[in-house]
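First comes the structure, then the notes that go with it.
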Amino acid sequence: ELLDHVDDLPLMWRRLIGHFDCRSVTDEAAGAPPGSDLGKLQALLLDGHVQKLRADGSLVVVRAFSRDVTAQATAEIVRALPDRRRAVVVADRDGIVLDNAFERVGLPRAGFQHYSPFRSVAQVLKLTLALVWEPL
């Protein structure tokens, strides 16, 4: 399933996606449940509607006084999740620090390299392809 309309993507992405058997789903299917914190954040981004959050765990923002502490806290949170397959961690910078923290708590490394402004997109693309890939 593709959560964007294929026509909205650049030509090279359309060509790549054309090699897979995937279809676009409706915008509603892409959203989180409306009452969840993640759903409320999505509503805020879409229409500016501010709602009080409930701390239901669907959205977690981790900040600390240093990037090392933030990375370690993130790794500990991910390690404690009952189903890590449903978690997505997006690091827009300092991913190598996060990789080191994942390794310290026994989680696999994400394979970060040098900082790139496209890092977040590249992370999600690799994850998506890994989840749908079936060997020929």
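Ligands are numbered from 1 in the order shown, residues from 1 within each chain, and chains are lettered A, B, ... in the order they appear in the structure tokens.
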
Discussion item. If we count only C-alpha atoms and set the cut-off at 12 Å, which residues sit around A:His5, ignoring sequence neighbours fewer than 3 positions away in its own chain? Please answer as number ranges by chain.
Written reply: A: 1-2, 8-10, 13-14, 17, 22-27, 30

Item to complete: Choose the residue, out of A:Glu103, A:Asp37, A:Asp4, A:Asp47, that has the smallest atom-to-atom separation from A:Arg79; count only C-alpha atoms.
Response: A:Glu103

Worksheet entry | Pairwise distance for atom CA of A:Thr70 and atom CA of A:Leu98, rounded to one decimal in Å |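 Computed distance, atom CA of A:Thr70 to atom CA of A:Leu98, equals 8.3 Å.
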
Discussion item. Need to verify the contact set: A:Gln42, 9 Å, only C-alpha atoms, exclusion of same-chain residues closer than 6 positions in sequence. Can you return it as a PyMOL selection string?
Written reply: chain A and resi 31-32+34

Discussion item. With DSSP run on the backbone, what are the alpha helix (DSSP H) residues within chain A? I'd like them as a PyMOL selection string.
Written reply: chain A and resi 11-17+27-30+37-47+67-80+95-104+119-132

Discussion item. Could you tell me how far atom CA of A:Val124 sits from atom CA of A:Ala73, in Å to one decimal place?
Written reply: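 So the two atoms, atom CA of A:Ala73 and atom CA of A:Val124, lie 21.0 Å apart.
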
Worksheet item: With only C-alpha atoms as the basis for distance, which of A:Glu76, A:Asp68, A:Asp21, A:Asp7 is at the shortest distance from A:Asp94?
Response: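 With only C-alpha atoms as the atom set, the closest residue is A:Asp68.
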
Practice prompt. Between A:Phe20, A:Gly48, A:Arg15, A:Gly95, single out the one closest to A:Glu134, counting only C-alpha atoms.
Written response: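 Ranking A:Phe20, A:Gly48, A:Arg15, A:Gly95 by distance to A:Glu134, first place goes to A:Phe20.
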
Worksheet, complete the sentence: Separating atom CA of A:Val78 from atom CA of A:Val132, to the nearest tenth of an Å, is a gap of 22.0 Å

Worksheet entry | Option closest in space to A:Gly57, from A:Arg86, A:Leu38, A:Val69, A:Thr74 [counting only C-alpha atoms] |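 Among A:Arg86, A:Leu38, A:Val69, A:Thr74, it is A:Leu38 that comes nearest to A:Gly57.
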
Discussion item. Ranking A:Ile96, A:Val89, A:Val105, A:Gln113 by minimum distance to A:Leu127 and counting only C-alpha atoms, which one comes first?
Written reply: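 The answer is A:Val89, which sits nearest to A:Leu127.
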
Item to complete: Check the smallest atom-to-atom distance from each of A:Val97, A:Leu46, A:Leu107, A:Leu53 to A:Ile77 using only C-alpha atoms, then report the winner.
Response: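 Of the candidates, the smallest distance to A:Ile77 is held by A:Leu107.
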